[in-house]
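Undergrad: Coordinates in model-v5.cif, mmCIF, C-alpha atoms, are listed below.
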```
data_structure
#
loop_
_atom_site.group_PDB
_atom_site.id
_atom_site.type_symbol
_atom_site.label_atom_id
_atom_site.label_comp_id
_atom_site.auth_asym_id
_atom_site.auth_seq_id
_atom_site.Cartn_x
_atom_site.Cartn_y
_atom_site.Cartn_z
ATOM 1 C CA MET A 1 99.646 70.711 91.042
ATOM 2 C CA ILE A 2 101.675 73.138 88.932
ATOM 3 C CA LYS A 3 103.825 71.370 86.339
ATOM 4 C CA ASN A 4 104.228 74.091 83.695
ATOM 5 C CA ILE A 5 105.468 77.675 84.004
ATOM 6 C CA VAL A 6 104.289 79.850 81.117
ATOM 7 C CA PHE A 7 106.014 83.141 80.291
ATOM 8 C CA ASP A 8 105.119 86.198 78.255
ATOM 9 C CA MET A 9 108.083 87.703 76.379
ATOM 10 C CA GLY A 10 108.141 91.519 76.090
ATOM 11 C CA ASN A 11 108.866 93.249 79.407
ATOM 12 C CA VAL A 12 109.187 89.850 81.106
ATOM 13 C CA LEU A 13 111.999 87.860 79.502
ATOM 14 C CA THR A 14 113.521 91.114 78.272
ATOM 15 C CA LYS A 15 113.574 94.617 79.679
ATOM 16 C CA TYR A 16 111.300 96.664 77.516
ATOM 17 C CA THR A 17 109.600 100.052 77.667
ATOM 18 C CA LEU A 18 107.586 100.958 74.593
ATOM 19 C CA ASP A 19 107.925 104.724 75.036
ATOM 20 C CA GLU A 20 111.714 104.466 75.334
ATOM 21 C CA CYS A 21 111.807 102.291 72.232
ATOM 22 C CA ILE A 22 109.769 104.813 70.254
ATOM 23 C CA ARG A 23 111.914 107.756 71.388
ATOM 24 C CA ARG A 24 114.983 106.166 69.786
ATOM 25 C CA TYR A 25 113.316 106.878 66.444
ATOM 26 C CA ALA A 26 111.522 110.135 67.219
ATOM 27 C CA ASP A 27 113.479 113.398 67.149
ATOM 28 C CA THR A 28 110.388 115.466 68.018
ATOM 29 C CA GLU A 29 107.298 115.008 70.176
ATOM 30 C CA GLU A 30 105.197 115.094 67.005
ATOM 31 C CA VAL A 31 107.036 112.108 65.518
ATOM 32 C CA PHE A 32 106.852 110.285 68.858
ATOM 33 C CA GLN A 33 103.062 110.657 68.988
ATOM 34 C CA MET A 34 102.775 109.679 65.329
ATOM 35 C CA ILE A 35 104.651 106.396 65.847
ATOM 36 C CA LYS A 36 102.684 105.628 68.997
ATOM 37 C CA LYS A 37 99.306 106.241 67.347
ATOM 38 C CA GLU A 38 99.761 105.438 63.671
ATOM 39 C CA VAL A 39 102.204 102.526 64.000
ATOM 40 C CA VAL A 40 102.034 100.799 67.401
ATOM 41 C CA GLY A 41 98.372 101.713 67.845
ATOM 42 C CA SER A 42 97.352 100.707 64.343
ATOM 43 C CA LYS A 43 95.302 97.872 62.904
ATOM 44 C CA GLU A 44 98.402 96.872 60.932
ATOM 45 C CA TRP A 45 100.389 96.350 64.145
ATOM 46 C CA LEU A 46 97.758 93.945 65.429
ATOM 47 C CA ALA A 47 97.633 92.250 62.036
ATOM 48 C CA MET A 48 101.377 91.577 62.172
ATOM 49 C CA ASP A 49 100.996 89.989 65.610
ATOM 50 C CA ARG A 50 97.979 88.010 64.385
ATOM 51 C CA GLY A 51 99.969 86.790 61.398
ATOM 52 C CA THR A 52 97.592 88.162 58.774
ATOM 53 C CA MET A 53 100.028 90.800 57.514
ATOM 54 C CA GLY A 54 103.801 90.765 57.005
ATOM 55 C CA ASP A 55 106.197 93.599 57.822
ATOM 56 C CA GLU A 56 106.462 94.964 54.285
ATOM 57 C CA GLU A 57 102.715 94.914 53.695
ATOM 58 C CA ALA A 58 102.100 96.618 57.039
ATOM 59 C CA ILE A 59 104.703 99.309 56.340
ATOM 60 C CA ALA A 60 103.166 100.060 52.945
ATOM 61 C CA SER A 61 99.679 100.280 54.435
ATOM 62 C CA ILE A 62 100.737 102.565 57.309
ATOM 63 C CA CYS A 63 102.727 104.851 55.022
ATOM 64 C CA LYS A 64 99.702 105.467 52.792
ATOM 65 C CA ARG A 65 98.238 107.742 55.452
ATOM 66 C CA LEU A 66 101.481 109.493 56.482
ATOM 67 C CA PRO A 67 103.611 112.226 54.902
ATOM 68 C CA LEU A 68 106.463 111.034 52.685
ATOM 69 C CA GLU A 69 109.130 112.390 55.039
ATOM 70 C CA LEU A 70 107.991 109.945 57.740
ATOM 71 C CA HIS A 71 108.080 106.795 55.619
ATOM 72 C CA GLU A 72 111.714 105.937 56.313
ATOM 73 C CA VAL A 73 111.389 106.203 60.098
ATOM 74 C CA VAL A 74 108.250 104.042 60.006
ATOM 75 C CA LYS A 75 110.089 101.441 57.925
ATOM 76 C CA ARG A 76 113.067 101.347 60.291
ATOM 77 C CA PHE A 77 110.893 101.215 63.406
ATOM 78 C CA VAL A 78 108.830 98.260 62.174
ATOM 79 C CA GLN A 79 111.772 96.319 60.772
ATOM 80 C CA GLU A 80 113.987 96.866 63.830
ATOM 81 C CA PHE A 81 111.372 96.496 66.573
ATOM 82 C CA ARG A 82 112.617 93.996 69.206
ATOM 83 C CA MET A 83 115.598 93.079 67.027
ATOM 84 C CA GLN A 84 118.040 94.178 69.742
ATOM 85 C CA PRO A 85 116.318 93.254 73.012
ATOM 86 C CA GLU A 86 117.799 94.295 76.335
ATOM 87 C CA GLU A 87 118.671 91.136 78.243
ATOM 88 C CA ASN A 88 117.314 90.389 81.702
ATOM 89 C CA PRO A 89 119.949 88.128 83.327
ATOM 90 C CA SER A 90 118.114 87.904 86.658
ATOM 91 C CA MET A 91 115.070 86.493 84.873
ATOM 92 C CA GLU A 92 117.259 84.075 82.929
ATOM 93 C CA GLY A 93 118.697 82.810 86.213
ATOM 94 C CA LEU A 94 115.235 82.272 87.674
ATOM 95 C CA ILE A 95 114.051 80.396 84.582
ATOM 96 C CA SER A 96 117.173 78.231 84.682
ATOM 97 C CA ARG A 97 116.401 77.348 88.306
ATOM 98 C CA LEU A 98 112.772 76.497 87.484
ATOM 99 C CA LYS A 99 113.993 74.215 84.698
ATOM 100 C CA GLU A 100 116.478 72.493 87.015
ATOM 101 C CA THR A 101 113.703 71.987 89.553
ATOM 102 C CA GLY A 102 111.727 69.971 86.993
ATOM 103 C CA TYR A 103 109.149 72.383 85.616
ATOM 104 C CA ARG A 104 108.384 72.547 81.929
ATOM 105 C CA ILE A 105 108.784 76.087 80.593
ATOM 106 C CA TYR A 106 106.747 77.620 77.768
ATOM 107 C CA LEU A 107 106.568 80.924 75.893
ATOM 108 C CA PHE A 108 103.072 82.340 75.244
ATOM 109 C CA SER A 109 103.520 85.557 73.305
ATOM 110 C CA ASN A 110 101.778 88.069 71.077
ATOM 111 C CA THR A 111 104.494 88.634 68.499
ATOM 112 C CA ALA A 112 105.076 89.089 64.779
ATOM 113 C CA SER A 113 106.949 86.729 62.470
ATOM 114 C CA ARG A 114 110.198 88.677 62.939
ATOM 115 C CA PHE A 115 110.440 86.704 66.234
ATOM 116 C CA HIS A 116 112.346 84.079 64.292
ATOM 117 C CA ARG A 117 115.033 86.671 63.525
ATOM 118 C CA PHE A 118 115.447 88.223 66.976
ATOM 119 C CA SER A 119 114.793 85.192 69.208
ATOM 120 C CA LYS A 120 118.467 84.156 69.088
ATOM 121 C CA ASN A 121 119.229 87.351 71.041
ATOM 122 C CA ILE A 122 117.100 86.335 74.057
ATOM 123 C CA PRO A 123 119.043 83.811 76.202
ATOM 124 C CA SER A 124 116.006 82.838 78.312
ATOM 125 C CA LEU A 125 114.368 81.245 75.274
ATOM 126 C CA SER A 126 116.949 78.449 75.285
ATOM 127 C CA TYR A 127 115.247 76.971 78.369
ATOM 128 C CA MET A 128 111.826 76.761 76.752
ATOM 129 C CA ASP A 129 110.080 73.455 76.032
ATOM 130 C CA GLY A 130 107.854 75.118 73.459
ATOM 131 C CA PHE A 131 106.841 78.428 71.863
ATOM 132 C CA TRP A 132 103.302 79.608 71.167
ATOM 133 C CA LEU A 133 103.440 82.650 68.883
ATOM 134 C CA SER A 134 100.301 84.603 68.014
ATOM 135 C CA CYS A 135 101.478 85.175 64.438
ATOM 136 C CA GLU A 136 101.400 81.417 63.815
ATOM 137 C CA HIS A 137 97.912 80.805 65.203
ATOM 138 C CA GLY A 138 95.800 83.830 64.297
ATOM 139 C CA TYR A 139 94.764 84.715 67.862
ATOM 140 C CA LEU A 140 95.940 87.328 70.342
ATOM 141 C CA LYS A 141 95.985 87.321 74.127
ATOM 142 C CA PRO A 142 93.641 87.928 75.889
ATOM 143 C CA GLU A 143 91.299 86.238 73.405
ATOM 144 C CA LYS A 144 89.945 82.979 74.803
ATOM 145 C CA GLU A 145 90.868 81.160 71.593
ATOM 146 C CA ALA A 146 94.549 82.023 72.077
ATOM 147 C CA TYR A 147 94.626 80.182 75.409
ATOM 148 C CA GLU A 148 92.692 77.223 74.058
ATOM 149 C CA SER A 149 95.116 77.019 71.134
ATOM 150 C CA PHE A 150 98.089 77.154 73.526
ATOM 151 C CA PHE A 151 96.730 74.325 75.714
ATOM 152 C CA ALA A 152 95.894 72.207 72.671
ATOM 153 C CA LYS A 153 99.281 72.701 70.997
ATOM 154 C CA PHE A 154 101.211 71.289 73.942
ATOM 155 C CA GLY A 155 98.551 69.019 75.432
ATOM 156 C CA LEU A 156 98.463 70.947 78.702
ATOM 157 C CA LYS A 157 95.840 71.102 81.443
ATOM 158 C CA PRO A 158 95.106 74.715 82.462
ATOM 159 C CA THR A 159 95.058 73.743 86.146
ATOM 160 C CA GLU A 160 98.666 72.541 85.847
ATOM 161 C CA CYS A 161 99.887 75.863 84.386
ATOM 162 C CA LEU A 162 101.152 79.023 86.060
ATOM 163 C CA PHE A 163 101.194 82.052 83.752
ATOM 164 C CA ILE A 164 103.498 85.078 84.154
ATOM 165 C CA ASP A 165 102.663 88.198 82.104
ATOM 166 C CA ASP A 166 103.029 91.941 82.621
ATOM 167 C CA THR A 167 99.488 92.688 81.389
ATOM 168 C CA PRO A 168 96.737 92.126 83.990
ATOM 169 C CA ALA A 169 94.064 91.448 81.329
ATOM 170 C CA ASN A 170 96.127 88.557 79.964
ATOM 171 C CA ILE A 171 96.476 87.016 83.421
ATOM 172 C CA GLU A 172 92.767 87.477 84.148
ATOM 173 C CA ALA A 173 91.841 85.706 80.903
ATOM 174 C CA GLY A 174 94.024 82.749 81.859
ATOM 175 C CA ILE A 175 92.581 82.545 85.361
ATOM 176 C CA LYS A 176 89.065 82.343 83.897
ATOM 177 C CA LEU A 177 90.170 79.190 82.043
ATOM 178 C CA GLY A 178 91.742 77.560 85.087
ATOM 179 C CA MET A 179 95.364 78.760 85.070
ATOM 180 C CA ARG A 180 97.121 80.263 88.046
ATOM 181 C CA GLY A 181 98.688 83.636 87.282
ATOM 182 C CA ILE A 182 101.161 86.280 88.412
ATOM 183 C CA VAL A 183 101.248 89.835 87.047
ATOM 184 C CA TYR A 184 104.934 90.626 86.617
ATOM 185 C CA CYS A 185 105.740 94.185 87.676
ATOM 186 C CA GLY A 186 109.422 94.295 86.737
ATOM 187 C CA ALA A 187 111.020 92.985 89.941
ATOM 188 C CA VAL A 188 112.528 89.506 89.524
ATOM 189 C CA GLU A 189 113.108 89.060 93.283
ATOM 190 C CA GLU A 190 109.442 89.782 93.968
ATOM 191 C CA LEU A 191 108.434 87.301 91.262
ATOM 192 C CA LYS A 192 110.737 84.689 92.799
ATOM 193 C CA TRP A 193 109.103 85.224 96.198
ATOM 194 C CA GLU A 194 105.614 84.837 94.698
ATOM 195 C CA LEU A 195 106.668 81.671 92.853
ATOM 196 C CA GLU A 196 108.141 80.140 95.997
ATOM 197 C CA LYS A 197 104.890 80.858 97.825
ATOM 198 C CA LEU A 198 102.694 79.329 95.094
ATOM 199 C CA LEU A 199 104.961 76.361 94.344
ATOM 200 C CA GLU A 200 105.779 75.790 97.998
ATOM 201 C CA LYS A 201 109.492 75.316 97.364
ATOM 202 C CA GLU A 202 112.687 77.333 97.475
ATOM 203 C CA LEU A 203 114.155 78.504 94.178
#
```
Is it possible to give me this structure as structure tokens?
TA:
Amino acid sequence: MIKNIVFDMGNVLTKYTLDECIRRYADTEEVFQMIKKEVVGSKEWLAMDRGTMGDEEAIASICKRLPLELHEVVKRFVQEFRMQPEENPSMEGLISRLKETGYRIYLFSNTASRFHRFSKNIPSLSYMDGFWLSCEHGYLKPEKEAYESFFAKFGLKPTECLFIDDTPANIEAGIKLGMRGIVYCGAVEELKWELEKLLEKEL
């Protein structure tokens, strides 16, 4: 029996397209590719999400291998990433309904410590019974240890959890441990239909 609905954050609770985000900072294709590879695709980016490196340390490390003229854009991109999320009111409404129906709602997210600065700008988070943040536990989805840490933190049984994430690998990892899962493809109405089918109730 499903008692807990578990949500990813980026591109689920908020509308989010990485390429669009990068293009706000890139005035040329060269700068766009640089940010995508040397910043978002870097070991420092993962370290920030894992909680082993802070923003300033990551910026300094990334900038060591980039030309001086790119340092300021790298600094702004890292410091401002996710700070002004685009709201997803349809998702907020669905989460509100799930909460009213009696489900416990959790966040299970790969995110850096700046979460504590931008979280106030995401209305859906106000419905959450608990947050699991990768930067506070040292593991990243889809690592098995991340899921085990999440279950342990809140005392949850995997078989009583339904996980919603936009990354198939993250859902597959949860299913292997006993969770039910839905890959969110950007359509809240479709997600609502899938939830009603799995939960066997109208939302």
Undergrad: To verify the selection step, state as a ChimeraX atom specification which residues the PyMOL selection byres ((chain A and resi 141-156) around 10) yields on this input.
TA: /A:3-4,50,106-110,129-134,137-140,157-161,167-174,176-177,179
Undergrad: Run through the PyMOL selection byres ((chain A and resi 62) around 12) on the given coordinates and return the selected residues as a PyMOL selection string.
TA: chain A and resi 34-35+37-45+47+53+55-61+63-68+70-75+77-78
Undergrad: Using all atoms listed in the file, list the residues that have an atom at most 12 Å from (113.9, 96.1, 66.0), coordinates as in the file, as a list in words.
TA: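 In the file's frame, the residues around the point are Tyr16, Leu18, Cys21, Ile22, Arg24, Tyr25, Asp55, Val73, Val74, Lys75, Arg76, Phe77, Val78, Gln79, Glu80, Phe81, Arg82, Met83, Gln84, Pro85, Glu86, Ala112, Arg114, Phe115, Arg117, Phe118, Ser119 and Asn121 of chain A.
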Undergrad: Counting all atoms listed in the file, which residues have an atom no more than 6 Å from (105.5, 79.7, 85.5) in the file's coordinates? Please list them as a list in words.
TA: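 Protein and nucleic acid residues near the point are Ile5, Val6, Leu162, Phe163 and Ile164 of chain A.
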Undergrad: Name the closest residue to Asn88 of chain A among the candidates A:Gly10, A:Asp166, A:Asp27, A:Arg180; distances are taken between atoms, counting all atoms listed in the file.
TA: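 Counting all atoms listed in the file, the residue closest to Asn88 of chain A is A:Gly10.
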Undergrad: What residues come out when you apply the PyMOL selection byres ((chain A and resi 185-197) around 8) to this file, written as a list in words?
TA: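 On this input, the PyMOL selection byres ((chain A and resi 185-197) around 8) captures Asn11, Val12, Ser90, Met91, Leu94, Asp166, Ile182, Val183, Tyr184, Leu198, Leu199, Glu200, Lys201, Glu202 and Leu203 of chain A.
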Undergrad: Taking every listed atom of segment 2-16 of chain A and adding 5 Å to each side, what centre and edge lengths in Å (one decimal) does the axis-aligned box have, as AutoDock Vina command-line options?
TA:
```
--center_x 107.6 --center_y 84.0 --center_z 82.5 --size_x 21.9 --size_y 35.3 --size_z 22.8
```
